[in-house]
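Novice: My structure file protein08.csv, CSV, N, CA and C atoms, is below:
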```csv
chain,number,residue,atom,x,y,z
Z,1,MET,N,136.6,-155.0,-211.7
Z,1,MET,CA,137.8,-155.4,-211.0
Z,1,MET,C,138.4,-156.6,-211.7
Z,2,SER,N,139.7,-156.6,-211.9
Z,2,SER,CA,140.3,-157.7,-212.6
Z,2,SER,C,140.4,-158.9,-211.7
Z,3,SER,N,140.5,-160.1,-212.4
Z,3,SER,CA,140.7,-161.3,-211.6
Z,3,SER,C,141.9,-161.3,-210.7
Z,4,LEU,N,143.0,-160.8,-211.2
Z,4,LEU,CA,144.2,-160.7,-210.4
Z,4,LEU,C,144.0,-159.8,-209.2
Z,5,HIS,N,143.3,-158.7,-209.4
Z,5,HIS,CA,143.0,-157.8,-208.2
Z,5,HIS,C,142.1,-158.5,-207.2
Z,6,ARG,N,141.1,-159.2,-207.7
Z,6,ARG,CA,140.2,-160.0,-206.8
Z,6,ARG,C,141.0,-161.1,-206.0
Z,7,LEU,N,141.8,-161.8,-206.8
Z,7,LEU,CA,142.6,-162.8,-206.1
Z,7,LEU,C,143.5,-162.2,-205.0
Z,8,GLY,N,144.2,-161.1,-205.3
Z,8,GLY,CA,145.0,-160.5,-204.3
Z,8,GLY,C,144.2,-160.0,-203.1
Z,9,MET,N,143.0,-159.5,-203.3
Z,9,MET,CA,142.1,-159.0,-202.3
Z,9,MET,C,141.7,-160.2,-201.4
Z,10,PHE,N,141.3,-161.3,-202.0
Z,10,PHE,CA,140.8,-162.5,-201.2
Z,10,PHE,C,142.0,-163.0,-200.4
Z,11,ASN,N,143.2,-163.1,-201.0
Z,11,ASN,CA,144.4,-163.7,-200.4
Z,11,ASN,C,144.7,-162.8,-199.2
Z,12,ARG,N,144.8,-161.5,-199.4
Z,12,ARG,CA,145.1,-160.6,-198.3
Z,12,ARG,C,144.1,-160.6,-197.1
Z,13,GLU,N,142.8,-160.6,-197.5
Z,13,GLU,CA,141.8,-160.7,-196.5
Z,13,GLU,C,141.8,-162.0,-195.7
Z,14,GLY,N,142.1,-163.1,-196.5
Z,14,GLY,CA,142.2,-164.4,-195.8
Z,14,GLY,C,143.3,-164.4,-194.8
Z,15,MET,N,144.5,-163.9,-195.1
Z,15,MET,CA,145.6,-163.9,-194.2
Z,15,MET,C,145.4,-162.9,-193.1
Z,16,LYS,N,144.7,-161.8,-193.3
Z,16,LYS,CA,144.3,-160.9,-192.3
Z,16,LYS,C,143.4,-161.6,-191.3
Z,17,ALA,N,142.4,-162.3,-191.8
Z,17,ALA,CA,141.5,-163.0,-190.9
Z,17,ALA,C,142.2,-164.1,-190.1
Z,18,PHE,N,143.2,-164.8,-190.7
Z,18,PHE,CA,144.0,-165.8,-190.1
Z,18,PHE,C,144.8,-165.1,-188.9
Z,19,ASN,N,145.4,-164.0,-189.2
Z,19,ASN,CA,146.2,-163.3,-188.2
Z,19,ASN,C,145.3,-162.8,-187.0
Z,20,ASN,N,144.0,-162.6,-187.3
Z,20,ASN,CA,143.1,-162.2,-186.3
Z,20,ASN,C,142.4,-163.3,-185.6
Z,21,GLY,N,142.8,-164.6,-185.9
Z,21,GLY,CA,142.3,-165.8,-185.3
Z,21,GLY,C,140.9,-166.2,-185.8
Z,22,GLN,N,140.5,-165.7,-187.0
Z,22,GLN,CA,139.3,-166.0,-187.6
Z,22,GLN,C,139.5,-167.1,-188.7
Z,23,VAL,N,139.7,-168.3,-188.2
Z,23,VAL,CA,140.1,-169.4,-189.1
Z,23,VAL,C,139.1,-169.7,-190.2
Z,24,GLU,N,137.8,-169.8,-189.8
Z,24,GLU,CA,136.8,-170.1,-190.8
Z,24,GLU,C,136.7,-169.0,-191.9
Z,25,ASP,N,136.8,-167.8,-191.5
Z,25,ASP,CA,136.8,-166.7,-192.5
Z,25,ASP,C,138.0,-166.8,-193.4
Z,26,ALA,N,139.1,-167.1,-192.8
Z,26,ALA,CA,140.4,-167.2,-193.5
Z,26,ALA,C,140.3,-168.3,-194.6
Z,27,LEU,N,139.8,-169.4,-194.2
Z,27,LEU,CA,139.6,-170.5,-195.1
Z,27,LEU,C,138.7,-170.2,-196.2
Z,28,PHE,N,137.6,-169.5,-195.9
Z,28,PHE,CA,136.6,-169.1,-197.0
Z,28,PHE,C,137.3,-168.1,-198.0
Z,29,GLN,N,138.0,-167.1,-197.4
Z,29,GLN,CA,138.6,-166.1,-198.3
Z,29,GLN,C,139.7,-166.7,-199.2
Z,30,LEU,N,140.5,-167.6,-198.6
Z,30,LEU,CA,141.6,-168.2,-199.3
Z,30,LEU,C,141.0,-169.2,-200.3
Z,31,ALA,N,139.9,-169.9,-200.0
Z,31,ALA,CA,139.3,-170.8,-201.0
Z,31,ALA,C,138.8,-170.0,-202.2
Z,32,GLN,N,138.3,-168.8,-202.0
Z,32,GLN,CA,137.9,-167.9,-203.1
Z,32,GLN,C,139.1,-167.5,-204.0
Z,33,ALA,N,140.2,-167.2,-203.3
Z,33,ALA,CA,141.4,-166.8,-204.0
Z,33,ALA,C,142.0,-168.0,-204.8
Z,34,ASN,N,141.9,-169.2,-204.2
Z,34,ASN,CA,142.4,-170.3,-204.9
Z,34,ASN,C,141.5,-170.6,-206.2
Z,35,ARG,N,140.2,-170.5,-206.0
Z,35,ARG,CA,139.3,-170.7,-207.2
Z,35,ARG,C,139.7,-169.7,-208.3
Z,36,ILE,N,140.0,-168.5,-208.0
Z,36,ILE,CA,140.3,-167.5,-209.0
Z,36,ILE,C,141.7,-167.9,-209.7
Z,37,ALA,N,142.6,-168.3,-208.8
Z,37,ALA,CA,144.0,-168.6,-209.3
Z,37,ALA,C,143.8,-169.8,-210.3
Z,38,ARG,N,143.0,-170.8,-210.0
Z,38,ARG,CA,142.8,-171.9,-210.9
Z,38,ARG,C,142.2,-171.5,-212.2
Z,39,GLN,N,141.2,-170.6,-212.1
Z,39,GLN,CA,140.5,-170.2,-213.3
Z,39,GLN,C,141.4,-169.4,-214.2
Z,40,MET,N,142.3,-168.6,-213.6
Z,40,MET,CA,143.3,-167.9,-214.3
Z,40,MET,C,144.4,-168.7,-214.9
Z,41,GLY,N,144.5,-170.0,-214.5
Z,41,GLY,CA,145.6,-170.8,-215.0
Z,41,GLY,C,147.0,-170.4,-214.5
Z,42,SER,N,147.0,-169.8,-213.3
Z,42,SER,CA,148.3,-169.3,-212.8
Z,42,SER,C,148.8,-170.2,-211.7
Z,43,PRO,N,149.7,-171.1,-212.1
Z,43,PRO,CA,150.3,-172.0,-211.0
Z,43,PRO,C,151.0,-171.3,-209.9
Z,44,LEU,N,151.7,-170.2,-210.2
Z,44,LEU,CA,152.4,-169.6,-209.1
Z,44,LEU,C,151.4,-168.9,-208.1
Z,45,HIS,N,150.4,-168.3,-208.6
Z,45,HIS,CA,149.4,-167.7,-207.7
Z,45,HIS,C,148.7,-168.8,-206.9
Z,46,GLU,N,148.4,-169.9,-207.6
Z,46,GLU,CA,147.8,-171.1,-206.9
Z,46,GLU,C,148.7,-171.6,-205.8
Z,47,ALA,N,150.0,-171.7,-206.1
Z,47,ALA,CA,150.9,-172.2,-205.1
Z,47,ALA,C,151.0,-171.3,-203.9
Z,48,LYS,N,151.0,-170.0,-204.1
Z,48,LYS,CA,151.0,-169.0,-203.0
Z,48,LYS,C,149.8,-169.2,-202.1
Z,49,VAL,N,148.6,-169.2,-202.7
Z,49,VAL,CA,147.4,-169.3,-202.0
Z,49,VAL,C,147.3,-170.7,-201.3
Z,50,ARG,N,147.6,-171.8,-202.0
Z,50,ARG,CA,147.6,-173.1,-201.3
Z,50,ARG,C,148.5,-173.2,-200.2
Z,51,ASN,N,149.7,-172.5,-200.2
Z,51,ASN,CA,150.6,-172.5,-199.1
Z,51,ASN,C,149.9,-171.8,-197.9
Z,52,ASN,N,149.3,-170.7,-198.2
Z,52,ASN,CA,148.6,-170.0,-197.2
Z,52,ASN,C,147.5,-170.8,-196.6
Z,53,LEU,N,146.7,-171.5,-197.4
Z,53,LEU,CA,145.7,-172.5,-196.9
Z,53,LEU,C,146.3,-173.5,-196.0
Z,54,GLY,N,147.5,-174.0,-196.4
Z,54,GLY,CA,148.2,-175.0,-195.6
Z,54,GLY,C,148.6,-174.4,-194.2
Z,55,LEU,N,149.0,-173.2,-194.2
Z,55,LEU,CA,149.4,-172.5,-192.9
Z,55,LEU,C,148.1,-172.4,-192.0
Z,56,VAL,N,147.0,-172.0,-192.6
Z,56,VAL,CA,145.8,-171.9,-191.8
Z,56,VAL,C,145.3,-173.3,-191.3
Z,57,HIS,N,145.3,-174.3,-192.1
Z,57,HIS,CA,144.9,-175.6,-191.7
Z,57,HIS,C,145.9,-176.1,-190.6
Z,58,GLN,N,147.1,-175.9,-190.8
Z,58,GLN,CA,148.1,-176.4,-189.8
Z,58,GLN,C,147.9,-175.7,-188.4
Z,59,SER,N,147.6,-174.4,-188.4
Z,59,SER,CA,147.4,-173.7,-187.1
Z,59,SER,C,146.1,-174.2,-186.5
Z,60,ALA,N,145.1,-174.6,-187.3
Z,60,ALA,CA,143.9,-175.1,-186.7
Z,60,ALA,C,143.9,-176.5,-186.3
Z,61,GLY,N,145.1,-177.2,-186.5
Z,61,GLY,CA,145.2,-178.6,-186.1
Z,61,GLY,C,144.8,-179.6,-187.2
Z,62,ASN,N,144.4,-179.1,-188.4
Z,62,ASN,CA,144.0,-179.9,-189.5
Z,62,ASN,C,145.3,-180.3,-190.3
Z,63,GLU,N,146.1,-181.2,-189.7
Z,63,GLU,CA,147.4,-181.5,-190.3
Z,63,GLU,C,147.3,-182.2,-191.6
Z,64,GLU,N,146.4,-183.1,-191.8
Z,64,GLU,CA,146.2,-183.8,-193.0
Z,64,GLU,C,145.9,-182.9,-194.2
Z,65,GLU,N,145.0,-182.0,-193.9
Z,65,GLU,CA,144.6,-180.9,-194.9
Z,65,GLU,C,145.8,-180.1,-195.2
Z,66,ALA,N,146.5,-179.7,-194.2
Z,66,ALA,CA,147.7,-178.9,-194.4
Z,66,ALA,C,148.7,-179.6,-195.3
Z,67,LEU,N,149.0,-180.9,-195.0
Z,67,LEU,CA,149.9,-181.6,-195.9
Z,67,LEU,C,149.5,-181.6,-197.3
Z,68,VAL,N,148.2,-181.8,-197.5
Z,68,VAL,CA,147.6,-181.8,-198.9
Z,68,VAL,C,147.9,-180.5,-199.6
Z,69,CYS,N,147.6,-179.4,-198.8
Z,69,CYS,CA,147.7,-178.1,-199.4
Z,69,CYS,C,149.2,-177.8,-199.7
Z,70,PHE,N,150.1,-178.1,-198.8
Z,70,PHE,CA,151.5,-177.9,-199.0
Z,70,PHE,C,152.1,-178.7,-200.2
Z,71,ARG,N,151.6,-179.9,-200.3
Z,71,ARG,CA,152.1,-180.8,-201.4
Z,71,ARG,C,151.6,-180.2,-202.8
Z,72,LEU,N,150.3,-179.8,-202.8
Z,72,LEU,CA,149.7,-179.3,-204.1
Z,72,LEU,C,150.4,-177.9,-204.4
Z,73,ALA,N,150.7,-177.1,-203.3
Z,73,ALA,CA,151.4,-175.9,-203.5
Z,73,ALA,C,152.8,-176.1,-204.1
Z,74,ALA,N,153.5,-177.0,-203.6
Z,74,ALA,CA,154.8,-177.3,-204.1
Z,74,ALA,C,154.8,-177.7,-205.6
Z,75,LYS,N,153.8,-178.6,-205.9
Z,75,LYS,CA,153.7,-179.0,-207.3
Z,75,LYS,C,153.4,-177.9,-208.2
Z,76,SER,N,152.5,-177.0,-207.8
Z,76,SER,CA,152.1,-175.8,-208.6
Z,76,SER,C,153.3,-174.9,-208.7
Z,77,ALA,N,154.1,-174.7,-207.7
Z,77,ALA,CA,155.3,-173.8,-207.7
Z,77,ALA,C,156.3,-174.3,-208.7
Z,78,VAL,N,156.5,-175.6,-208.8
Z,78,VAL,CA,157.4,-176.2,-209.7
Z,78,VAL,C,156.9,-176.0,-211.1
Z,79,LYS,N,155.6,-176.3,-211.3
Z,79,LYS,CA,155.0,-176.1,-212.6
Z,79,LYS,C,155.1,-174.7,-213.1
Z,80,GLY,N,155.0,-173.7,-212.2
Z,80,GLY,CA,155.0,-172.3,-212.6
Z,80,GLY,C,156.4,-171.8,-212.9
Z,81,ALA,N,157.4,-172.2,-212.1
Z,81,ALA,CA,158.7,-171.6,-212.2
Z,81,ALA,C,159.9,-172.5,-212.0
Z,82,GLY,N,159.7,-173.8,-212.0
Z,82,GLY,CA,160.8,-174.7,-211.8
Z,82,GLY,C,161.1,-175.0,-210.3
Z,83,ILE,N,162.0,-175.9,-210.1
Z,83,ILE,CA,162.2,-176.5,-208.7
Z,83,ILE,C,163.0,-175.5,-207.8
Z,84,ASP,N,163.8,-174.6,-208.4
Z,84,ASP,CA,164.7,-173.8,-207.5
Z,84,ASP,C,164.1,-172.4,-207.3
Z,85,ASN,N,162.8,-172.2,-207.5
Z,85,ASN,CA,162.3,-170.8,-207.2
Z,85,ASN,C,162.1,-170.6,-205.7
Z,86,SER,N,162.1,-169.4,-205.3
Z,86,SER,CA,162.0,-169.0,-203.9
Z,86,SER,C,160.7,-169.5,-203.3
Z,87,LEU,N,159.6,-169.4,-204.0
Z,87,LEU,CA,158.3,-169.8,-203.5
Z,87,LEU,C,158.3,-171.3,-203.2
Z,88,HIS,N,158.9,-172.1,-204.1
Z,88,HIS,CA,158.9,-173.5,-203.9
Z,88,HIS,C,159.8,-173.8,-202.6
Z,89,LYS,N,160.8,-173.1,-202.4
Z,89,LYS,CA,161.7,-173.3,-201.2
Z,89,LYS,C,160.9,-173.1,-199.9
Z,90,VAL,N,160.1,-172.0,-199.9
Z,90,VAL,CA,159.3,-171.7,-198.7
Z,90,VAL,C,158.3,-172.8,-198.5
Z,91,ILE,N,157.6,-173.2,-199.5
Z,91,ILE,CA,156.6,-174.2,-199.4
Z,91,ILE,C,157.2,-175.5,-198.9
Z,92,SER,N,158.4,-175.9,-199.5
Z,92,SER,CA,159.0,-177.1,-199.1
Z,92,SER,C,159.5,-177.1,-197.7
Z,93,ARG,N,159.9,-175.9,-197.2
Z,93,ARG,CA,160.3,-175.8,-195.8
Z,93,ARG,C,159.1,-176.0,-194.9
Z,94,ASN,N,157.9,-175.4,-195.3
Z,94,ASN,CA,156.7,-175.5,-194.5
Z,94,ASN,C,156.3,-177.0,-194.4
Z,95,LEU,N,156.3,-177.7,-195.6
Z,95,LEU,CA,156.0,-179.1,-195.7
Z,95,LEU,C,156.9,-179.9,-194.8
Z,96,SER,N,158.2,-179.7,-194.9
Z,96,SER,CA,159.2,-180.5,-194.2
Z,96,SER,C,159.0,-180.3,-192.7
Z,97,ARG,N,158.7,-179.1,-192.2
Z,97,ARG,CA,158.5,-178.8,-190.8
Z,97,ARG,C,157.3,-179.6,-190.3
Z,98,LEU,N,156.2,-179.6,-191.1
Z,98,LEU,CA,155.0,-180.2,-190.6
Z,98,LEU,C,155.2,-181.8,-190.6
Z,99,GLU,N,155.9,-182.3,-191.6
Z,99,GLU,CA,156.1,-183.7,-191.7
Z,99,GLU,C,157.0,-184.1,-190.5
Z,100,HIS,N,158.0,-183.3,-190.2
Z,100,HIS,CA,158.9,-183.6,-189.0
Z,100,HIS,C,158.1,-183.6,-187.7
Z,101,ASP,N,157.2,-182.6,-187.6
Z,101,ASP,CA,156.4,-182.5,-186.3
Z,101,ASP,C,155.5,-183.7,-186.2
Z,102,ILE,N,154.9,-184.1,-187.3
Z,102,ILE,CA,154.0,-185.3,-187.2
Z,102,ILE,C,154.9,-186.5,-186.9
Z,103,ALA,N,156.0,-186.7,-187.5
Z,103,ALA,CA,156.8,-187.9,-187.3
Z,103,ALA,C,157.4,-187.9,-185.8
Z,104,SER,N,157.7,-186.8,-185.3
Z,104,SER,CA,158.3,-186.7,-183.9
Z,104,SER,C,157.3,-187.1,-182.9
Z,105,ARG,N,156.0,-186.8,-183.2
Z,105,ARG,CA,154.9,-187.2,-182.2
Z,105,ARG,C,154.6,-188.6,-182.3
Z,106,ALA,N,154.9,-189.3,-183.5
Z,106,ALA,CA,154.5,-190.7,-183.7
Z,106,ALA,C,155.5,-191.6,-183.0
Z,107,VAL,N,156.6,-191.1,-182.6
Z,107,VAL,CA,157.6,-192.0,-182.0
Z,107,VAL,C,157.3,-192.3,-180.6
```
Can the structure from this file be put into structure tokens for me?

Specialist:
Amino acid sequence: MSSLHRLGMFNREGMKAFNNGQVEDALFQLAQANRIARQMGSPLHEAKVRNNLGLVHQSAGNEEEALVCFRLAAKSAVKGAGIDNSLHKVISRNLSRLEHDIASRAV
């Protein structure tokens, strides 16, 4: 099985676990996908997986971890395809929403 196929499998299984409320399994699967993306040297795949990790952390209440994931994902997306790519826009929107939520509770 190719690295790309394994990465896709772990990413899909991670999001499936997340959608089924299995946060720990989702984090494990997505961590495996992220490891493969980094080994492949694929910033866009890493950005997609890190964004998914951010979503899982955010839903679990781990906001600081989610912020880190979204920021790293945004950086990888820009590295892979420039600042105006659609993945970067999605990640930036997720990051902005979380930052806004945190700021609104701090007031």

Novice: Between atom C of Z:His45 and atom CA of Z:His57, what is the spacing in Å?

Specialist: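 Calculated distance between atom CA of Z:His57 and atom C of Z:His45 is 17.1 Å.
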
Novice: Find the residues around stretch 80-90 of chain Z up to 8 Å (only C-alpha atoms counted), leave out those fewer than 3 positions away in its own chain, and share them as a list in words.

Specialist: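 The filter keeps Ser42, Pro43, Leu44, Ala47, Lys48, Ala73, Ala74, Ser76, Ala77, Arg93 and Asn94 of chain Z.
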
Novice: Is there a way to get, as an MDAnalysis selection string, all residues within 8 Å of the point (142.7, -162.8, -196.3) in file coordinates, counting only N, CA and C atoms?

Specialist: chainID Z and resid 8:19 25:30

Novice: Between atom N of Z:Arg35 and atom C of Z:Arg6, measure the distance and give it in Å to one decimal.

Specialist: 9.4 Å

Novice: Just how far from atom CA of Z:Gln32 is atom CA of Z:Val78, in Å to one decimal?

Specialist: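 Straight-line distance from atom CA of Z:Val78 to atom CA of Z:Gln32 works out to 22.2 Å.
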
Novice: I'd like to know which residues of stretch 15-91 of chain Z are helix (DSSP H, G or I) (by DSSP, run on the backbone); could you write them as a PyMOL selection string?

Specialist: chain Z and resi 15-19+23-40+43-59+63-81+86-91

Novice: Of the candidates Z:Cys69, Z:Gln58, Z:Ser3, Z:Ala37, which one gets nearest to Z:Leu98 if we count all atoms listed in the file?

Specialist: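 Checking each candidate against Z:Leu98, we get Z:Gln58 as the closest.
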